[in-house]
$ cat input-v3.pdb   # PDB, C-alpha atoms, pLDDT in the B column
ATOM      1  CA  MET O 377      37.055  89.969 -37.464  1.00 57.00           C
ATOM      2  CA  GLU O 378      39.870  88.431 -39.501  1.00 59.00           C
ATOM      3  CA  GLY O 379      42.013  88.264 -36.376  1.00 87.00           C
ATOM      4  CA  LEU O 380      39.278  86.416 -34.504  1.00 91.00           C
ATOM      5  CA  GLU O 381      38.764  83.976 -37.355  1.00 92.00           C
ATOM      6  CA  GLN O 382      42.492  83.217 -37.432  1.00 92.00           C
ATOM      7  CA  LYS O 383      42.530  82.489 -33.691  1.00 93.00           C
ATOM      8  CA  LEU O 384      39.592  80.102 -34.021  1.00 94.00           C
ATOM      9  CA  GLN O 385      41.150  78.422 -37.044  1.00 94.00           C
ATOM     10  CA  ASP O 386      44.461  77.949 -35.210  1.00 93.00           C
ATOM     11  CA  LYS O 387      42.928  76.335 -32.110  1.00 94.00           C
ATOM     12  CA  PHE O 388      39.928  74.394 -33.382  1.00 95.00           C
ATOM     13  CA  SER O 389      41.135  71.619 -35.674  1.00 94.00           C
ATOM     14  CA  PHE O 390      37.663  71.035 -37.132  1.00 96.00           C
ATOM     15  CA  TRP O 391      37.546  74.574 -38.570  1.00 96.00           C
ATOM     16  CA  GLU O 392      38.445  73.491 -42.113  1.00 95.00           C
ATOM     17  CA  HIS O 393      35.528  71.026 -42.065  1.00 96.00           C
ATOM     18  CA  LEU O 394      32.934  73.694 -41.260  1.00 96.00           C
ATOM     19  CA  THR O 395      30.678  75.238 -43.873  1.00 95.00           C
ATOM     20  CA  GLN O 396      30.944  78.962 -44.448  1.00 95.00           C
ATOM     21  CA  SER O 397      27.648  79.438 -42.617  1.00 95.00           C
ATOM     22  CA  GLN O 398      28.908  77.523 -39.585  1.00 96.00           C
ATOM     23  CA  LYS O 399      32.114  79.551 -39.518  1.00 95.00           C
ATOM     24  CA  GLU O 400      30.164  82.792 -39.645  1.00 95.00           C
ATOM     25  CA  ARG O 401      27.867  81.657 -36.823  1.00 96.00           C
ATOM     26  CA  MET O 402      30.797  80.679 -34.636  1.00 96.00           C
ATOM     27  CA  ILE O 403      32.552  83.987 -35.242  1.00 95.00           C
ATOM     28  CA  ALA O 404      29.376  85.984 -34.617  1.00 96.00           C
ATOM     29  CA  ASN O 405      28.800  84.215 -31.289  1.00 96.00           C
ATOM     30  CA  THR O 406      32.348  84.480 -29.964  1.00 96.00           C
ATOM     31  CA  GLN O 407      33.336  87.369 -27.722  1.00 95.00           C
ATOM     32  CA  GLU O 408      36.444  88.387 -25.823  1.00 95.00           C
ATOM     33  CA  VAL O 409      35.921  88.446 -22.055  1.00 95.00           C
ATOM     34  CA  THR O 410      38.290  89.364 -19.226  1.00 96.00           C
ATOM     35  CA  TYR O 411      37.813  87.796 -15.791  1.00 96.00           C
ATOM     36  CA  PRO O 412      39.475  89.403 -12.738  1.00 96.00           C
ATOM     37  CA  LYS O 413      41.638  87.227 -10.504  1.00 92.00           C
ATOM     38  CA  GLY O 414      39.477  85.092  -8.224  1.00 90.00           C
ATOM     39  CA  GLU O 415      36.239  85.511 -10.193  1.00 93.00           C
ATOM     40  CA  ASN O 416      34.001  82.523 -10.690  1.00 90.00           C
ATOM     41  CA  VAL O 417      33.888  81.811 -14.422  1.00 92.00           C
ATOM     42  CA  HIS O 418      31.578  78.803 -14.406  1.00 89.00           C
ATOM     43  CA  GLY O 419      29.423  77.126 -11.782  1.00 83.00           C
ATOM     44  CA  SER O 420      27.348  78.635  -8.982  1.00 66.00           C
ATOM     45  CA  LYS O 421      24.768  80.762 -10.833  1.00 64.00           C
ATOM     46  CA  ARG O 422      26.600  80.463 -14.178  1.00 60.00           C
ATOM     47  CA  LEU O 423      24.873  77.320 -15.420  1.00 71.00           C
ATOM     48  CA  CYS O 424      26.470  76.991 -18.851  1.00 83.00           C
ATOM     49  CA  THR O 425      29.076  79.631 -19.548  1.00 88.00           C
ATOM     50  CA  GLY O 426      30.308  78.411 -22.927  1.00 91.00           C
ATOM     51  CA  VAL O 427      33.468  77.074 -24.520  1.00 94.00           C
ATOM     52  CA  LEU O 428      36.542  79.025 -23.404  1.00 95.00           C
ATOM     53  CA  LEU O 429      39.785  79.572 -25.298  1.00 96.00           C
ATOM     54  CA  ILE O 430      42.333  81.084 -22.932  1.00 96.00           C
ATOM     55  CA  GLU O 431      44.352  83.861 -24.532  1.00 96.00           C
ATOM     56  CA  LYS O 432      46.068  85.013 -21.345  1.00 95.00           C
ATOM     57  CA  GLY O 433      45.944  83.993 -17.696  1.00 95.00           C
ATOM     58  CA  ALA O 434      45.008  80.764 -15.922  1.00 92.00           C
ATOM     59  CA  LEU O 435      41.814  78.969 -14.918  1.00 94.00           C
ATOM     60  CA  ARG O 436      41.243  76.324 -12.255  1.00 91.00           C
ATOM     61  CA  THR O 437      38.606  73.615 -12.643  1.00 90.00           C
ATOM     62  CA  TYR O 438      37.331  71.985  -9.459  1.00 89.00           C
ATOM     63  CA  LEU O 439      34.543  70.145  -7.664  1.00 86.00           C
ATOM     64  CA  LEU O 440      32.775  71.641  -4.649  1.00 82.00           C
ATOM     65  CA  SER O 441      31.205  69.546  -1.901  1.00 78.00           C
ATOM     66  CA  ASP O 442      28.083  70.486   0.056  1.00 77.00           C
ATOM     67  CA  GLU O 443      30.376  71.333   2.974  1.00 77.00           C
ATOM     68  CA  GLY O 444      32.365  73.759   0.850  1.00 76.00           C
ATOM     69  CA  ARG O 445      35.441  71.574   0.324  1.00 79.00           C
ATOM     70  CA  GLU O 446      37.122  72.065  -3.043  1.00 82.00           C
ATOM     71  CA  VAL O 447      38.948  69.412  -5.050  1.00 83.00           C
ATOM     72  CA  THR O 448      41.023  70.736  -7.932  1.00 86.00           C
ATOM     73  CA  LEU O 449      40.666  68.635 -11.079  1.00 87.00           C
ATOM     74  CA  TYR O 450      43.112  70.488 -13.318  1.00 88.00           C
ATOM     75  CA  ARG O 451      44.384  73.933 -14.246  1.00 89.00           C
ATOM     76  CA  LEU O 452      44.441  75.534 -17.679  1.00 93.00           C
ATOM     77  CA  GLY O 453      46.770  78.141 -19.148  1.00 92.00           C
ATOM     78  CA  GLU O 454      47.366  80.187 -22.266  1.00 93.00           C
ATOM     79  CA  GLY O 455      46.221  78.419 -25.434  1.00 94.00           C
ATOM     80  CA  ASP O 456      44.146  75.789 -23.615  1.00 95.00           C
ATOM     81  CA  ILE O 457      40.481  75.140 -24.301  1.00 95.00           C
ATOM     82  CA  CYS O 458      37.962  74.610 -21.507  1.00 92.00           C
ATOM     83  CA  MET O 459      35.019  72.421 -22.507  1.00 89.00           C
ATOM     84  CA  LEU O 460      33.637  71.722 -19.026  1.00 84.00           C
ATOM     85  CA  SER O 461      32.550  75.352 -18.791  1.00 86.00           C
ATOM     86  CA  ALA O 462      30.018  74.296 -21.436  1.00 82.00           C
ATOM     87  CA  SER O 463      29.183  70.996 -19.742  1.00 76.00           C
ATOM     88  CA  CYS O 464      25.491  71.421 -20.620  1.00 79.00           C
ATOM     89  CA  ILE O 465      26.318  70.520 -24.224  1.00 78.00           C
ATOM     90  CA  LEU O 466      28.125  67.307 -23.240  1.00 74.00           C
ATOM     91  CA  LYS O 467      25.500  64.681 -22.458  1.00 71.00           C
ATOM     92  CA  SER O 468      27.975  62.436 -20.623  1.00 67.00           C
ATOM     93  CA  ILE O 469      28.822  65.138 -18.023  1.00 69.00           C
ATOM     94  CA  THR O 470      26.316  64.733 -15.205  1.00 65.00           C
ATOM     95  CA  PHE O 471      28.168  66.413 -12.318  1.00 71.00           C
ATOM     96  CA  ASP O 472      28.626  70.060 -11.406  1.00 78.00           C
ATOM     97  CA  VAL O 473      31.995  71.582 -12.256  1.00 84.00           C
ATOM     98  CA  PHE O 474      33.296  74.970 -11.145  1.00 89.00           C
ATOM     99  CA  VAL O 475      35.873  77.130 -12.906  1.00 92.00           C
ATOM    100  CA  ASP O 476      37.649  80.127 -11.334  1.00 93.00           C
ATOM    101  CA  ALA O 477      40.189  82.591 -12.703  1.00 94.00           C
ATOM    102  CA  GLU O 478      43.480  81.998 -10.880  1.00 90.00           C
ATOM    103  CA  GLU O 479      44.775  85.299 -12.204  1.00 91.00           C
ATOM    104  CA  GLU O 480      43.345  87.982 -14.453  1.00 95.00           C
ATOM    105  CA  SER O 481      42.414  86.041 -17.553  1.00 96.00           C
ATOM    106  CA  ARG O 482      41.421  87.049 -21.072  1.00 96.00           C
ATOM    107  CA  VAL O 483      39.446  84.436 -22.964  1.00 96.00           C
ATOM    108  CA  LEU O 484      37.467  83.940 -26.131  1.00 96.00           C
ATOM    109  CA  LEU O 485      33.991  82.813 -25.064  1.00 96.00           C
ATOM    110  CA  ILE O 486      31.954  80.818 -27.580  1.00 96.00           C
ATOM    111  CA  GLN O 487      28.233  80.703 -26.808  1.00 94.00           C
ATOM    112  CA  SER O 488      27.125  77.236 -25.674  1.00 92.00           C
ATOM    113  CA  GLN O 489      24.035  77.013 -27.850  1.00 92.00           C
ATOM    114  CA  THR O 490      25.976  77.956 -30.979  1.00 94.00           C
ATOM    115  CA  PHE O 491      28.668  75.376 -30.285  1.00 94.00           C
ATOM    116  CA  LEU O 492      26.012  72.735 -29.575  1.00 93.00           C
ATOM    117  CA  GLN O 493      24.280  73.454 -32.877  1.00 94.00           C
ATOM    118  CA  ILE O 494      27.558  73.129 -34.766  1.00 95.00           C
ATOM    119  CA  MET O 495      28.367  69.884 -32.911  1.00 94.00           C
ATOM    120  CA  ASN O 496      24.976  68.459 -33.926  1.00 93.00           C
ATOM    121  CA  GLU O 497      25.550  69.443 -37.547  1.00 95.00           C
ATOM    122  CA  ASN O 498      29.223  68.549 -37.885  1.00 96.00           C
ATOM    123  CA  ILE O 499      30.775  65.266 -36.763  1.00 96.00           C
ATOM    124  CA  TYR O 500      34.272  66.780 -36.757  1.00 96.00           C
ATOM    125  CA  ALA O 501      33.211  69.433 -34.240  1.00 95.00           C
ATOM    126  CA  GLU O 502      31.525  66.807 -32.070  1.00 93.00           C
ATOM    127  CA  CYS O 503      34.617  64.575 -32.078  1.00 94.00           C
ATOM    128  CA  PHE O 504      36.822  67.537 -31.228  1.00 95.00           C
ATOM    129  CA  ALA O 505      34.673  68.465 -28.218  1.00 92.00           C
ATOM    130  CA  TYR O 506      34.728  64.957 -26.784  1.00 89.00           C
ATOM    131  CA  LYS O 507      38.429  64.495 -27.491  1.00 91.00           C
ATOM    132  CA  VAL O 508      39.329  67.679 -25.586  1.00 91.00           C
ATOM    133  CA  THR O 509      37.132  66.518 -22.707  1.00 87.00           C
ATOM    134  CA  ALA O 510      38.586  62.992 -22.717  1.00 87.00           C
ATOM    135  CA  ASP O 511      42.139  64.329 -22.757  1.00 87.00           C
ATOM    136  CA  ARG O 512      41.395  66.394 -19.644  1.00 86.00           C
ATOM    137  CA  PHE O 513      39.963  63.412 -17.831  1.00 83.00           C
ATOM    138  CA  SER O 514      43.426  61.884 -17.644  1.00 82.00           C
ATOM    139  CA  ASP O 515      44.243  64.893 -15.430  1.00 83.00           C
ATOM    140  CA  VAL O 516      41.083  64.231 -13.415  1.00 84.00           C
ATOM    141  CA  VAL O 517      42.046  60.592 -12.863  1.00 84.00           C
ATOM    142  CA  TRP O 518      45.552  61.654 -11.808  1.00 81.00           C
ATOM    143  CA  ALA O 519      44.058  64.073  -9.268  1.00 81.00           C
ATOM    144  CA  MET O 520      41.782  61.352  -7.897  1.00 82.00           C
ATOM    145  CA  GLU O 521      44.651  58.860  -7.708  1.00 81.00           C
ATOM    146  CA  GLN O 522      46.652  61.304  -5.612  1.00 80.00           C
ATOM    147  CA  ILE O 523      43.759  61.886  -3.219  1.00 81.00           C
ATOM    148  CA  LEU O 524      42.891  58.207  -2.886  1.00 81.00           C
ATOM    149  CA  PHE O 525      46.274  56.497  -2.933  1.00 85.00           C
ATOM    150  CA  MET O 526      49.026  58.999  -2.070  1.00 85.00           C
ATOM    151  CA  SER O 527      49.876  60.070   1.476  1.00 90.00           C
ATOM    152  CA  PHE O 528      49.478  63.771   2.146  1.00 91.00           C
ATOM    153  CA  ASP O 529      53.180  64.488   2.693  1.00 92.00           C
ATOM    154  CA  LYS O 530      53.901  63.101  -0.787  1.00 92.00           C
ATOM    155  CA  ARG O 531      51.034  65.037  -2.351  1.00 92.00           C
ATOM    156  CA  LEU O 532      52.190  68.287  -0.785  1.00 94.00           C
ATOM    157  CA  ALA O 533      55.837  67.713  -1.741  1.00 95.00           C
ATOM    158  CA  LEU O 534      54.811  66.914  -5.328  1.00 93.00           C
ATOM    159  CA  PHE O 535      52.593  70.001  -5.496  1.00 94.00           C
ATOM    160  CA  LEU O 536      55.361  72.308  -4.253  1.00 95.00           C
ATOM    161  CA  LEU O 537      57.870  70.844  -6.704  1.00 95.00           C
ATOM    162  CA  GLU O 538      55.455  71.152  -9.636  1.00 92.00           C
ATOM    163  CA  GLU O 539      54.632  74.759  -8.716  1.00 92.00           C
ATOM    164  CA  SER O 540      58.320  75.587  -8.498  1.00 94.00           C
ATOM    165  CA  GLU O 541      58.952  74.067 -11.925  1.00 92.00           C
ATOM    166  CA  LYS O 542      55.938  75.849 -13.360  1.00 88.00           C
ATOM    167  CA  THR O 543      56.933  79.289 -12.057  1.00 89.00           C
ATOM    168  CA  GLY O 544      60.691  78.791 -12.423  1.00 92.00           C
ATOM    169  CA  SER O 545      61.241  79.931  -8.851  1.00 94.00           C
ATOM    170  CA  LEU O 546      61.844  78.408  -5.422  1.00 95.00           C
ATOM    171  CA  GLU O 547      59.741  81.182  -3.880  1.00 94.00           C
ATOM    172  CA  LEU O 548      56.037  80.424  -4.217  1.00 94.00           C
ATOM    173  CA  SER O 549      53.370  83.057  -3.563  1.00 93.00           C
ATOM    174  CA  LEU O 550      50.773  80.719  -2.095  1.00 91.00           C
ATOM    175  CA  THR O 551      48.788  80.874   1.125  1.00 93.00           C
ATOM    176  CA  HIS O 552      47.976  77.777   3.150  1.00 94.00           C
ATOM    177  CA  GLN O 553      44.319  78.200   2.138  1.00 91.00           C
ATOM    178  CA  GLN O 554      45.207  78.282  -1.563  1.00 90.00           C
ATOM    179  CA  ILE O 555      47.299  75.131  -1.241  1.00 92.00           C
ATOM    180  CA  ALA O 556      44.431  73.436   0.598  1.00 90.00           C
ATOM    181  CA  LYS O 557      42.067  74.283  -2.268  1.00 86.00           C
ATOM    182  CA  TYR O 558      44.461  72.886  -4.853  1.00 87.00           C
ATOM    183  CA  LEU O 559      44.953  69.666  -2.903  1.00 89.00           C
ATOM    184  CA  GLY O 560      41.358  69.207  -1.740  1.00 82.00           C
ATOM    185  CA  SER O 561      42.331  69.291   1.910  1.00 84.00           C
ATOM    186  CA  ALA O 562      41.775  71.415   5.006  1.00 85.00           C
ATOM    187  CA  ARG O 563      43.936  74.458   5.690  1.00 88.00           C
ATOM    188  CA  GLU O 564      44.842  73.074   9.130  1.00 91.00           C
ATOM    189  CA  VAL O 565      46.199  69.886   7.553  1.00 91.00           C
ATOM    190  CA  VAL O 566      48.329  71.896   5.130  1.00 92.00           C
ATOM    191  CA  THR O 567      49.657  74.090   7.940  1.00 94.00           C
ATOM    192  CA  ARG O 568      50.652  71.084  10.061  1.00 92.00           C
ATOM    193  CA  MET O 569      52.475  69.410   7.180  1.00 94.00           C
ATOM    194  CA  LEU O 570      54.266  72.619   6.174  1.00 94.00           C
ATOM    195  CA  LYS O 571      55.431  73.049   9.755  1.00 94.00           C
ATOM    196  CA  TYR O 572      56.796  69.515   9.586  1.00 92.00           C
ATOM    197  CA  PHE O 573      58.604  70.402   6.353  1.00 94.00           C
ATOM    198  CA  VAL O 574      60.046  73.490   8.105  1.00 95.00           C
ATOM    199  CA  ALA O 575      61.309  71.345  10.976  1.00 92.00           C
ATOM    200  CA  GLU O 576      62.981  69.041   8.446  1.00 92.00           C
ATOM    201  CA  GLY O 577      64.668  72.005   6.723  1.00 94.00           C
ATOM    202  CA  LEU O 578      62.782  71.437   3.487  1.00 94.00           C
ATOM    203  CA  VAL O 579      60.933  74.755   3.239  1.00 94.00           C
ATOM    204  CA  GLU O 580      60.708  78.183   4.814  1.00 94.00           C
ATOM    205  CA  LEU O 581      57.400  79.936   5.447  1.00 93.00           C
ATOM    206  CA  SER O 582      56.605  83.603   5.106  1.00 91.00           C
ATOM    207  CA  ARG O 583      53.404  85.603   5.071  1.00 89.00           C
ATOM    208  CA  GLY O 584      51.550  84.448   1.965  1.00 87.00           C
ATOM    209  CA  GLY O 585      54.437  82.375   0.669  1.00 92.00           C
ATOM    210  CA  VAL O 586      56.547  79.214   0.800  1.00 95.00           C
ATOM    211  CA  THR O 587      60.222  78.996  -0.151  1.00 95.00           C
ATOM    212  CA  LEU O 588      61.736  75.661  -1.117  1.00 96.00           C
ATOM    213  CA  LEU O 589      65.048  75.250   0.685  1.00 94.00           C
ATOM    214  CA  ASP O 590      65.760  71.623  -0.211  1.00 94.00           C
ATOM    215  CA  PRO O 591      64.037  70.503  -3.434  1.00 93.00           C
ATOM    216  CA  GLU O 592      66.054  67.287  -3.471  1.00 94.00           C
ATOM    217  CA  GLY O 593      64.831  66.509   0.021  1.00 93.00           C
ATOM    218  CA  LEU O 594      61.259  66.993  -1.123  1.00 94.00           C
ATOM    219  CA  LYS O 595      61.887  64.649  -4.063  1.00 93.00           C
ATOM    220  CA  LYS O 596      63.035  61.948  -1.629  1.00 91.00           C
ATOM    221  CA  LEU O 597      59.553  61.981  -0.099  1.00 89.00           C
ATOM    222  CA  LEU O 598      57.997  60.887  -3.381  1.00 85.00           C
TER
END
$ encode --input "input-v3.pdb" --output "structure tokens"
Amino acid sequence: MEGLEQKLQDKFSFWEHLTQSQKERMIANTQEVTYPKGENVHGSKRLCTGVLLIEKGALRTYLLSDEGREVTLYRLGEGDICMLSASCILKSITFDVFVDAEEESRVLLIQSQTFLQIMNENIYAECFAYKVTADRFSDVVWAMEQILFMSFDKRLALFLLEESEKTGSLELSLTHQQIAKYLGSAREVVTRMLKYFVAEGLVELSRGGVTLLDPEGLKKLL
């Protein structure tokens, strides 16, 4: 229990402003959960999962259209907090958000109702929740700007470069379908553009992967 309390204290800046009763409630209603790669964490039938603190792994937050098209809003990694998985406690969130595990992920899951009660009782907790959400919306706006104002060749080049920087490798284990999900596009569009990149000597394709041959050439597209 002491280990759990320390983790919550380290990541939730309002912890020192909570009463002892509030701390005990938050600890008692926090559990460690592991989600397999590809599992839906929030959305679909999971109406209000709860607040997530990622201990290990990665989560992807996205919108889903009626036609099944996905638009990635942002991705979260170790140490990040996901508030939109508890969107039912945020009155200003009126749209449906989905969260999937990009890889096997271990998280601390804080029950939505408990967090809502603490938010209603403690202004510091409420401010923290909305600040985390507001900070993430800069990522949402950036994603929307790319979709609305950036040509697809630039978006794809930027995505490949960012993935390479993130993984520290020129060899990316990504299928065309995965890339399409991240970019909110159709797989056929991704395939056509990757083939164009191949013809230009920018990348090389393999089964389930893309290798960057000319990162500088990709940067020139931006």
$ residues_around --input "input-v3.pdb" --residues "O:Gly560" --least-positions-apart "2" --cutoff "6 Å" --atoms "all atoms listed in the file" --output "CSV table (one decimal) with C-alpha atoms, keeping the file's coordinate frame"
chain,number,residue,atom,x,y,z
O,446,GLU,CA,37.1,72.1,-3.0
O,447,VAL,CA,38.9,69.4,-5.0
O,556,ALA,CA,44.4,73.4,0.6
O,557,LYS,CA,42.1,74.3,-2.3
O,558,TYR,CA,44.5,72.9,-4.9
$ closest_residue --input "input-v3.pdb" --among "O:Val516, O:Val409, O:Leu536, O:Leu423" --to "O:Thr587" --atoms "all atoms listed in the file"
O:Leu536
$ closest_residue --input "input-v3.pdb" --among "O:Val475, O:Met569, O:Leu581, O:Cys458" --to "O:Tyr438" --atoms "all atoms listed in the file"
O:Val475
$ residues_around --input "input-v3.pdb" --residues "O:Gln385" --least-positions-apart "4" --cutoff "12 Å" --atoms "all atoms listed in the file" --output "PDB file with C-alpha atoms, keeping the file's coordinate frame"
ATOM      1  CA  GLU O 378      39.870  88.431 -39.501  1.00 59.00           C
ATOM      2  CA  GLY O 379      42.013  88.264 -36.376  1.00 87.00           C
ATOM      3  CA  LEU O 380      39.278  86.416 -34.504  1.00 91.00           C
ATOM      4  CA  GLU O 381      38.764  83.976 -37.355  1.00 92.00           C
ATOM      5  CA  SER O 389      41.135  71.619 -35.674  1.00 94.00           C
ATOM      6  CA  PHE O 390      37.663  71.035 -37.132  1.00 96.00           C
ATOM      7  CA  TRP O 391      37.546  74.574 -38.570  1.00 96.00           C
ATOM      8  CA  GLU O 392      38.445  73.491 -42.113  1.00 95.00           C
ATOM      9  CA  HIS O 393      35.528  71.026 -42.065  1.00 96.00           C
ATOM     10  CA  LEU O 394      32.934  73.694 -41.260  1.00 96.00           C
ATOM     11  CA  LYS O 399      32.114  79.551 -39.518  1.00 95.00           C
ATOM     12  CA  MET O 402      30.797  80.679 -34.636  1.00 96.00           C
ATOM     13  CA  ILE O 403      32.552  83.987 -35.242  1.00 95.00           C
ATOM     14  CA  LEU O 429      39.785  79.572 -25.298  1.00 96.00           C
TER      15      LEU O 429
END
$ residues_around --input "input-v3.pdb" --residues "O:Leu598" --least-positions-apart "6" --cutoff "8 Å" --atoms "all atoms listed in the file" --output "PDB file with C-alpha atoms, in the coordinates of the input"
ATOM      1  CA  LYS O 530      53.901  63.101  -0.787  1.00 92.00           C
ATOM      2  CA  ALA O 533      55.837  67.713  -1.741  1.00 95.00           C
ATOM      3  CA  LEU O 534      54.811  66.914  -5.328  1.00 93.00           C
TER       4      LEU O 534
END
$ resolve_selection --input "input-v3.pdb" --expression "the PyMOL selection byres ((chain O and resi 563-565) around 12)" --output "list in words"
Arg445, Glu446, Phe528, Asp529, Leu532, Thr551, His552, Gln553, Gln554, Ile555, Ala556, Lys557, Tyr558, Leu559, Gly560, Ser561, Ala562, Val566, Thr567, Arg568, Met569, Leu570, Lys571 and Tyr572 of chain O
$ closest_residue --input "input-v3.pdb" --among "O:Gly453, O:Gly577, O:Met459, O:Thr410" --to "O:Arg512" --atoms "only C-alpha atoms"
O:Met459
$ build_atoms --input "input-v3.pdb" --residues "stretch 408-430 of chain O" --atoms "N, CA and C atoms" --output "PDB file, in the coordinates of the input"
ATOM      1  N   GLU O 408      35.285  88.349 -26.726  1.00 95.00           N
ATOM      2  CA  GLU O 408      36.444  88.387 -25.823  1.00 95.00           C
ATOM      3  C   GLU O 408      35.986  88.879 -24.462  1.00 95.00           C
ATOM      4  N   VAL O 409      36.333  88.115 -23.422  1.00 95.00           N
ATOM      5  CA  VAL O 409      35.921  88.446 -22.055  1.00 95.00           C
ATOM      6  C   VAL O 409      37.147  88.418 -21.153  1.00 95.00           C
ATOM      7  N   THR O 410      37.208  89.350 -20.208  1.00 96.00           N
ATOM      8  CA  THR O 410      38.290  89.364 -19.226  1.00 96.00           C
ATOM      9  C   THR O 410      37.703  89.113 -17.841  1.00 96.00           C
ATOM     10  N   TYR O 411      38.260  88.131 -17.136  1.00 96.00           N
ATOM     11  CA  TYR O 411      37.813  87.796 -15.791  1.00 96.00           C
ATOM     12  C   TYR O 411      38.881  88.238 -14.788  1.00 96.00           C
ATOM     13  N   PRO O 412      38.510  89.007 -13.772  1.00 96.00           N
ATOM     14  CA  PRO O 412      39.475  89.403 -12.738  1.00 96.00           C
ATOM     15  C   PRO O 412      39.957  88.189 -11.951  1.00 96.00           C
ATOM     16  N   LYS O 413      41.099  88.304 -11.339  1.00 92.00           N
ATOM     17  CA  LYS O 413      41.638  87.227 -10.504  1.00 92.00           C
ATOM     18  C   LYS O 413      40.633  86.871  -9.414  1.00 92.00           C
ATOM     19  N   GLY O 414      40.378  85.572  -9.265  1.00 90.00           N
ATOM     20  CA  GLY O 414      39.477  85.092  -8.224  1.00 90.00           C
ATOM     21  C   GLY O 414      38.020  85.014  -8.617  1.00 90.00           C
ATOM     22  N   GLU O 415      37.650  85.529  -9.794  1.00 93.00           N
ATOM     23  CA  GLU O 415      36.239  85.511 -10.193  1.00 93.00           C
ATOM     24  C   GLU O 415      35.805  84.114 -10.613  1.00 93.00           C
ATOM     25  N   ASN O 416      34.578  83.780 -10.245  1.00 90.00           N
ATOM     26  CA  ASN O 416      34.001  82.523 -10.690  1.00 90.00           C
ATOM     27  C   ASN O 416      33.594  82.659 -12.156  1.00 90.00           C
ATOM     28  N   VAL O 417      34.136  81.780 -12.984  1.00 92.00           N
ATOM     29  CA  VAL O 417      33.888  81.811 -14.422  1.00 92.00           C
ATOM     30  C   VAL O 417      32.719  80.907 -14.793  1.00 92.00           C
ATOM     31  N   HIS O 418      32.633  79.776 -14.115  1.00 89.00           N
ATOM     32  CA  HIS O 418      31.578  78.803 -14.406  1.00 89.00           C
ATOM     33  C   HIS O 418      31.205  78.085 -13.122  1.00 89.00           C
ATOM     34  N   GLY O 419      29.912  77.758 -12.991  1.00 83.00           N
ATOM     35  CA  GLY O 419      29.423  77.126 -11.782  1.00 83.00           C
ATOM     36  C   GLY O 419      28.618  78.136 -10.993  1.00 83.00           C
ATOM     37  N   SER O 420      28.181  77.749  -9.796  1.00 66.00           N
ATOM     38  CA  SER O 420      27.348  78.635  -8.982  1.00 66.00           C
ATOM     39  C   SER O 420      26.126  79.039  -9.801  1.00 66.00           C
ATOM     40  N   LYS O 421      25.936  80.313 -10.072  1.00 64.00           N
ATOM     41  CA  LYS O 421      24.768  80.762 -10.833  1.00 64.00           C
ATOM     42  C   LYS O 421      25.015  80.760 -12.345  1.00 64.00           C
ATOM     43  N   ARG O 422      26.284  80.525 -12.752  1.00 60.00           N
ATOM     44  CA  ARG O 422      26.600  80.463 -14.178  1.00 60.00           C
ATOM     45  C   ARG O 422      26.400  79.031 -14.643  1.00 60.00           C
ATOM     46  N   LEU O 423      25.231  78.703 -15.159  1.00 71.00           N
ATOM     47  CA  LEU O 423      24.873  77.320 -15.420  1.00 71.00           C
ATOM     48  C   LEU O 423      25.596  76.733 -16.617  1.00 71.00           C
ATOM     49  N   CYS O 424      25.788  77.512 -17.665  1.00 83.00           N
ATOM     50  CA  CYS O 424      26.470  76.991 -18.851  1.00 83.00           C
ATOM     51  C   CYS O 424      27.169  78.150 -19.547  1.00 83.00           C
ATOM     52  N   THR O 425      28.359  78.436 -19.114  1.00 88.00           N
ATOM     53  CA  THR O 425      29.076  79.631 -19.548  1.00 88.00           C
ATOM     54  C   THR O 425      29.356  79.620 -21.040  1.00 88.00           C
ATOM     55  N   GLY O 426      29.916  78.519 -21.535  1.00 91.00           N
ATOM     56  CA  GLY O 426      30.308  78.411 -22.927  1.00 91.00           C
ATOM     57  C   GLY O 426      31.691  77.818 -23.053  1.00 91.00           C
ATOM     58  N   VAL O 427      32.128  77.612 -24.268  1.00 94.00           N
ATOM     59  CA  VAL O 427      33.468  77.074 -24.520  1.00 94.00           C
ATOM     60  C   VAL O 427      34.477  78.224 -24.402  1.00 94.00           C
ATOM     61  N   LEU O 428      35.554  77.979 -23.667  1.00 95.00           N
ATOM     62  CA  LEU O 428      36.542  79.025 -23.404  1.00 95.00           C
ATOM     63  C   LEU O 428      37.881  78.698 -24.057  1.00 95.00           C
ATOM     64  N   LEU O 429      38.427  79.655 -24.776  1.00 96.00           N
ATOM     65  CA  LEU O 429      39.785  79.572 -25.298  1.00 96.00           C
ATOM     66  C   LEU O 429      40.602  80.617 -24.561  1.00 96.00           C
ATOM     67  N   ILE O 430      41.570  80.173 -23.780  1.00 96.00           N
ATOM     68  CA  ILE O 430      42.333  81.084 -22.932  1.00 96.00           C
ATOM     69  C   ILE O 430      43.425  81.765 -23.746  1.00 96.00           C
TER      70      ILE O 430
END
